[in-house]
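Chemist: My structure is stored as model-v2.cif, with mmCIF, C-alpha atoms.
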```cif
data_final
loop_
_atom_site.label_atom_id
_atom_site.label_comp_id
_atom_site.auth_asym_id
_atom_site.auth_seq_id
_atom_site.Cartn_x
_atom_site.Cartn_y
_atom_site.Cartn_z
CA GLY N 1 0.37 -9.86 0.02
CA ASN N 2 1.68 -13.20 -1.11
CA GLU N 3 5.43 -13.26 -0.37
CA ALA N 4 6.54 -14.28 -3.87
CA HIS N 5 4.35 -11.65 -5.49
CA VAL N 6 5.41 -8.94 -3.03
CA GLN N 7 8.98 -9.62 -4.16
CA CYS N 8 7.85 -9.40 -7.81
CA ALA N 9 6.24 -6.01 -7.14
CA GLU N 10 9.26 -4.68 -5.24
CA GLU N 11 11.60 -5.75 -8.05
CA ARG N 12 9.11 -4.50 -10.66
CA LYS N 13 9.01 -7.89 -12.37
CA ARG N 14 5.98 -8.93 -14.36
CA HIS N 15 7.18 -11.85 -16.53
CA ASP N 16 7.81 -15.57 -15.99
CA GLU N 17 7.01 -16.45 -12.34
CA CYS N 18 5.54 -12.97 -11.89
CA SER N 19 3.16 -13.09 -14.87
CA ASP N 20 0.09 -13.51 -12.62
CA LEU N 21 0.99 -10.49 -10.44
CA LEU N 22 -2.13 -8.48 -9.62
CA ILE N 23 -1.75 -5.40 -7.39
CA CYS N 24 -4.79 -3.86 -5.68
CA THR N 25 -4.77 -0.12 -5.10
CA GLY N 26 -7.23 2.67 -4.38
CA ARG N 27 -8.47 4.96 -7.14
CA GLY N 28 -6.87 8.41 -7.12
CA SER N 29 -4.15 7.52 -4.61
CA THR N 30 -0.47 8.27 -5.22
CA HIS N 31 0.00 4.49 -5.29
CA HIS N 32 -2.40 4.30 -8.22
CA ALA N 33 -0.47 6.99 -10.10
CA PHE N 34 2.86 5.24 -9.39
CA LEU N 35 1.55 1.82 -10.47
CA ALA N 36 0.05 3.25 -13.67
CA ARG N 37 3.53 4.53 -14.60
CA THR N 38 5.32 1.32 -13.57
CA PHE N 39 3.15 -1.66 -14.50
CA PRO N 40 0.86 -2.50 -17.44
CA PHE N 41 -2.86 -2.08 -16.63
CA ASP N 42 -3.47 -5.86 -16.63
CA HIS N 43 -1.31 -6.13 -13.45
CA ILE N 44 -3.30 -3.47 -11.57
CA LYS N 45 -6.77 -3.74 -10.03
CA VAL N 46 -8.08 -0.27 -9.17
CA LEU N 47 -10.62 -0.24 -6.34
CA PRO N 48 -13.02 2.57 -5.39
CA SER N 49 -11.12 3.11 -2.14
CA THR N 50 -7.90 2.00 -0.43
CA ASN N 51 -10.16 0.63 2.34
CA ASP N 52 -11.13 -2.25 0.01
CA VAL N 53 -7.56 -3.51 -0.52
CA SER N 54 -7.43 -5.86 2.51
CA ASP N 55 -10.73 -7.50 1.56
CA MET N 56 -9.44 -8.17 -1.95
CA LEU N 57 -6.27 -9.75 -0.54
CA PHE N 58 -8.30 -11.95 1.82
CA ASN N 59 -10.56 -13.24 -0.94
CA GLN N 60 -7.51 -13.66 -3.21
CA SER N 61 -8.76 -11.31 -5.92
CA CYS N 62 -5.29 -9.72 -5.71
CA ASN N 63 -1.93 -11.09 -4.59
CA VAL N 64 -0.38 -7.72 -3.57
CA GLY N 65 -1.93 -4.61 -2.01
CA THR N 66 -0.72 -1.04 -1.59
CA TYR N 67 -1.08 0.96 1.62
CA ASP N 68 -0.10 4.32 3.05
CA LYS N 69 2.81 3.97 5.44
CA SER N 70 0.72 5.33 8.31
CA VAL N 71 -1.76 2.42 8.17
CA ILE N 72 0.77 -0.39 7.77
CA PRO N 73 0.84 -1.24 11.52
CA SER N 74 -2.94 -1.78 11.57
CA VAL N 75 -2.81 -3.83 8.35
CA GLU N 76 0.07 -5.85 9.75
CA SER N 77 -1.92 -6.67 12.90
CA LEU N 78 -4.86 -7.70 10.70
CA PHE N 79 -2.72 -10.24 8.81
CA ASN N 80 -0.65 -11.38 11.83
CA GLY N 81 -3.46 -13.71 12.93
CA ILE N 82 -2.73 -15.84 9.87
CA ASP N 83 0.37 -17.92 10.60
CA ASP N 84 0.40 -20.05 7.46
CA GLY N 85 2.84 -17.77 5.63
CA THR N 86 0.17 -16.65 3.16
CA TYR N 87 0.85 -12.95 3.66
CA ALA N 88 4.08 -10.97 3.81
CA LEU N 89 4.90 -7.31 4.21
CA GLY N 90 7.17 -5.68 1.64
CA HIS N 91 10.23 -3.69 2.65
CA LYS N 92 10.52 -1.06 -0.09
CA MET N 93 8.75 2.27 -0.01
CA MET N 94 7.56 2.95 -3.56
CA THR N 95 5.97 6.38 -3.10
CA LYS N 96 6.57 9.36 -0.85
CA GLU N 97 3.60 10.52 1.17
CA PRO N 98 4.35 13.97 2.58
CA LEU N 99 2.90 14.52 6.02
CA ALA N 100 1.37 17.81 7.04
CA ILE N 101 -0.71 19.36 9.78
CA VAL N 102 -3.52 21.47 8.43
CA THR N 103 -5.78 23.85 10.33
CA ARG N 104 -8.61 26.15 9.30
CA ASN N 105 -7.53 29.57 8.14
CA THR N 106 -10.49 31.11 10.00
CA ASP N 107 -9.11 30.32 13.48
CA GLN N 108 -5.72 31.96 13.70
CA GLU N 109 -5.33 31.40 17.46
CA PHE N 110 -5.87 27.64 17.13
CA SER N 111 -3.47 27.52 14.14
CA ASP N 112 -0.86 29.36 16.22
CA ILE N 113 -1.23 26.88 19.09
CA ILE N 114 -0.81 23.90 16.75
CA ASN N 115 2.23 25.54 15.16
CA TRP N 116 3.84 26.14 18.57
CA VAL N 117 3.18 22.54 19.64
CA VAL N 118 4.86 21.25 16.46
CA GLN N 119 7.77 23.68 16.96
CA ALA N 120 8.14 22.38 20.54
CA LEU N 121 8.26 18.79 19.22
CA TYR N 122 11.02 19.76 16.75
CA PHE N 123 12.92 21.64 19.47
CA GLY N 124 12.61 18.65 21.81
CA GLU N 125 14.21 16.34 19.28
CA GLU N 126 16.95 18.82 18.38
CA GLN N 127 17.83 19.28 22.07
CA GLY N 128 17.57 15.58 22.96
CA LEU N 129 14.54 16.11 25.23
CA THR N 130 12.30 13.07 25.54
CA LYS N 131 9.06 11.99 27.15
CA ASN N 132 9.29 12.58 30.89
CA GLU N 133 6.16 12.02 32.95
CA THR N 134 7.64 13.81 35.98
CA LEU N 135 7.71 17.06 33.96
CA CYS N 136 4.32 16.53 32.29
CA GLN N 137 1.75 18.98 33.67
CA ASN N 138 -1.94 18.10 33.74
CA TYR N 139 -4.03 20.88 32.18
CA THR N 140 -7.41 19.15 32.47
CA ASN N 141 -8.47 20.68 35.79
CA ASN N 142 -10.12 24.11 35.45
CA LEU N 143 -7.80 25.56 32.85
CA THR N 144 -8.44 29.29 32.62
CA LEU N 145 -5.86 31.00 30.47
CA HIS N 146 -6.05 34.63 29.56
CA ASP N 147 -3.32 34.42 26.93
CA VAL N 148 -1.84 31.68 24.73
CA SER N 149 1.61 32.58 26.05
CA GLU N 150 0.60 31.07 29.41
CA LEU N 151 0.67 27.57 27.87
CA ASN N 152 3.77 25.44 28.39
CA PHE N 153 4.28 24.06 24.88
CA MET N 154 7.09 21.82 26.10
CA ASN N 155 4.33 19.80 27.75
CA ALA N 156 3.82 18.25 24.30
CA VAL N 157 7.34 16.82 24.52
CA PHE N 158 7.20 15.83 28.18
CA CYS N 159 3.76 14.16 27.92
CA VAL N 160 3.94 12.35 24.56
CA GLY N 161 7.56 12.59 23.37
CA ASN N 162 9.53 14.62 20.85
CA TYR N 163 9.03 14.66 17.07
CA GLY N 164 11.28 11.63 16.56
CA GLU N 165 9.60 9.61 19.31
CA LEU N 166 6.21 10.16 17.69
CA PHE N 167 7.51 8.82 14.38
CA ASP N 168 9.31 5.90 15.99
CA ASP N 169 5.98 4.67 17.37
CA TRP N 170 4.83 3.64 13.88
CA THR N 171 7.87 3.63 11.61
CA ASN N 172 11.63 3.41 11.84
CA ASP N 173 12.25 5.10 8.47
CA ARG N 174 11.24 8.76 8.49
CA GLY N 175 12.75 9.53 5.09
CA MET N 176 11.95 13.12 4.14
CA ASN N 177 10.41 13.70 7.58
CA GLN N 178 13.80 13.77 9.34
CA ILE N 179 14.71 16.92 11.24
CA ASN N 180 16.69 19.16 8.85
CA ASN N 181 20.02 19.92 10.50
CA GLY N 182 21.05 22.32 7.76
CA THR N 183 22.65 19.74 5.48
CA GLY N 184 19.61 18.51 3.55
CA MET N 185 17.55 19.84 0.70
CA LEU N 186 13.90 20.74 1.08
CA TYR N 187 11.46 18.27 -0.46
CA ALA N 188 9.38 19.86 -3.22
CA ILE N 189 5.89 18.49 -3.80
CA PRO N 190 5.34 17.80 -7.53
CA LEU N 191 2.55 19.82 -9.16
CA GLY N 192 0.21 18.43 -11.80
CA ASP N 193 0.49 15.06 -13.47
#
```
Could the structure of this file be written out as structure tokens, please?
Modeler:
Amino acid sequence: GNEAHVQCAEERKRHDECSDLLICTGRGSTHHAFLARTFPFDHIKVLPSTNDVSDMLFNQSCNVGTYDKSVIPSVESLFNGIDDGTYALGHKMMTKEPLAIVTRNTDQEFSDIINWVVQALYFGEEQGLTKNETLCQNYTNNLTLHDVSELNFMNAVFCVGNYGELFDDWTNDRGMNQINNGTGMLYAIPLGD
């Protein structure tokens, strides 16, 4: 959003030079819930979807927008074409968006494969293994496996990188998604309102 107003939102100011602060957010998002607890309703514009936030910033219906951390790189590239200093990206993370991989409970074999790939990514980071194209095996040619155990799950690490490398592609602050080395607490998801 507008640099001055982004600073107002990050510092949770809403008086004096920040009195015209208007933050766009999507209905039902965790951002909406956070803003409702933090700012009076006259500083929040709730949109039907988070997809509408960029449009509202462009037409200046809002001066700050909220986004999930995973879409910030695409939003940033959208606003980078405007070099007049109109838009700025904030630096504070106001909400925590837990990441998860979810599979259908009706396909246990597929769920097991996904779990083993994720475990291989964790193991790769813990052991310092990184993307290595010389060790990456191509499975696209006539793959006929008789058992899941025939798969080389380390291919996930060698072909695309370890868990940390995947995160570093779109963020440099993993927060609660760091590998737990035995010293940290588990993050509990809040239930209810």
Chemist: I'd like to see the residues matched by the PyMOL selection byres ((chain N and resi 9-11) around 10) on this file, and ideally I'd get them as a list in words.
Modeler: Glu3, Ala4, His5, Val6, Gln7, Cys8, Arg12, Lys13, Arg14, Cys18, Leu21, Leu22, Ile23, Leu35, Thr38, Phe39, His43, Asn63, Val64, Gly65, Gly90, His91, Lys92, Met93 and Met94 of chain N
Chemist: Could you turn the residues from that selection into a file that holds C-alpha atoms, as a compact mmCIF listing (two decimals), keeping the file's coordinate frame?
Modeler:
```txt
# COMPACT_ATOMS: atom_id res chain seq x y z
CA GLU N 3 5.43 -13.26 -0.37
CA ALA N 4 6.54 -14.28 -3.87
CA HIS N 5 4.35 -11.65 -5.49
CA VAL N 6 5.41 -8.94 -3.03
CA GLN N 7 8.98 -9.62 -4.16
CA CYS N 8 7.85 -9.40 -7.81
CA ARG N 12 9.11 -4.50 -10.66
CA LYS N 13 9.01 -7.89 -12.37
CA ARG N 14 5.98 -8.93 -14.36
CA CYS N 18 5.54 -12.97 -11.89
CA LEU N 21 0.99 -10.49 -10.44
CA LEU N 22 -2.13 -8.48 -9.62
CA ILE N 23 -1.75 -5.40 -7.39
CA LEU N 35 1.55 1.82 -10.47
CA THR N 38 5.32 1.32 -13.57
CA PHE N 39 3.15 -1.66 -14.50
CA HIS N 43 -1.31 -6.13 -13.45
CA ASN N 63 -1.93 -11.09 -4.59
CA VAL N 64 -0.38 -7.72 -3.57
CA GLY N 65 -1.93 -4.61 -2.01
CA GLY N 90 7.17 -5.68 1.64
CA HIS N 91 10.23 -3.69 2.65
CA LYS N 92 10.52 -1.06 -0.09
CA MET N 93 8.75 2.27 -0.01
CA MET N 94 7.56 2.95 -3.56
```
Chemist: Quick one: residues within 10 Å of stretch 109-116 of chain N, all atoms listed in the file counted, chain neighbours fewer than 5 positions away excluded, as a ChimeraX atom specification?
Modeler: /N:101-104,121-122,148-149,151-154,156
Chemist: Can I get the selection written as a short mmCIF file (atom, residue, chain, number, x, y, z; two decimals), in the coordinates of the input, with C-alpha atoms?
Modeler:
```cif
data_model
loop_
_atom_site.label_atom_id
_atom_site.label_comp_id
_atom_site.auth_asym_id
_atom_site.auth_seq_id
_atom_site.Cartn_x
_atom_site.Cartn_y
_atom_site.Cartn_z
CA ILE N 101 -0.71 19.36 9.78
CA VAL N 102 -3.52 21.47 8.43
CA THR N 103 -5.78 23.85 10.33
CA ARG N 104 -8.61 26.15 9.30
CA LEU N 121 8.26 18.79 19.22
CA TYR N 122 11.02 19.76 16.75
CA VAL N 148 -1.84 31.68 24.73
CA SER N 149 1.61 32.58 26.05
CA LEU N 151 0.67 27.57 27.87
CA ASN N 152 3.77 25.44 28.39
CA PHE N 153 4.28 24.06 24.88
CA MET N 154 7.09 21.82 26.10
CA ALA N 156 3.82 18.25 24.30
#
```
Chemist: Please measure the separation of atom CA of N:Leu89 and atom CA of N:Val75, giving the value in Å to one decimal.
Modeler: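 That distance, rounded to one decimal, is 9.4 Å.
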Chemist: Do a neighbour search on N:His32 at 9 Å with only C-alpha atoms, toss out local chain neighbours closer than 6 positions, and write the hits as an NGL selection string.
Modeler: :N and (24-26 or 44 or 46 or 66)
Chemist: Distance atom CA of N:Ala120-atom CA of N:Val160, one decimal place?
Modeler: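 Taking atom CA of N:Ala120 as the start and atom CA of N:Val160 as the end point, the length is 11.6 Å.
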Chemist: Atom CA of N:Glu125 and atom CA of N:Asp68 are how many Å apart?
Modeler: 24.8 Å
Chemist: Give me the result of the PyMOL selection byres ((chain N and resi 28) around 12) on this file, residue by residue, as an mmCIF file with C-alpha atoms, in the frame of the given file.
Modeler:
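Resulting contents of selection.cif:
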```cif
data_model
loop_
_atom_site.group_PDB
_atom_site.id
_atom_site.type_symbol
_atom_site.label_atom_id
_atom_site.label_comp_id
_atom_site.auth_asym_id
_atom_site.auth_seq_id
_atom_site.Cartn_x
_atom_site.Cartn_y
_atom_site.Cartn_z
ATOM 1 C CA THR N 25 -4.770 -0.120 -5.100
ATOM 2 C CA GLY N 26 -7.230 2.670 -4.380
ATOM 3 C CA ARG N 27 -8.470 4.960 -7.140
ATOM 4 C CA SER N 29 -4.150 7.520 -4.610
ATOM 5 C CA THR N 30 -0.470 8.270 -5.220
ATOM 6 C CA HIS N 31 0.000 4.490 -5.290
ATOM 7 C CA HIS N 32 -2.400 4.300 -8.220
ATOM 8 C CA ALA N 33 -0.470 6.990 -10.100
ATOM 9 C CA PHE N 34 2.860 5.240 -9.390
ATOM 10 C CA LEU N 35 1.550 1.820 -10.470
ATOM 11 C CA ALA N 36 0.050 3.250 -13.670
ATOM 12 C CA VAL N 46 -8.080 -0.270 -9.170
ATOM 13 C CA LEU N 47 -10.620 -0.240 -6.340
ATOM 14 C CA PRO N 48 -13.020 2.570 -5.390
ATOM 15 C CA SER N 49 -11.120 3.110 -2.140
ATOM 16 C CA THR N 50 -7.900 2.000 -0.430
ATOM 17 C CA ASP N 193 0.490 15.060 -13.470
#
```
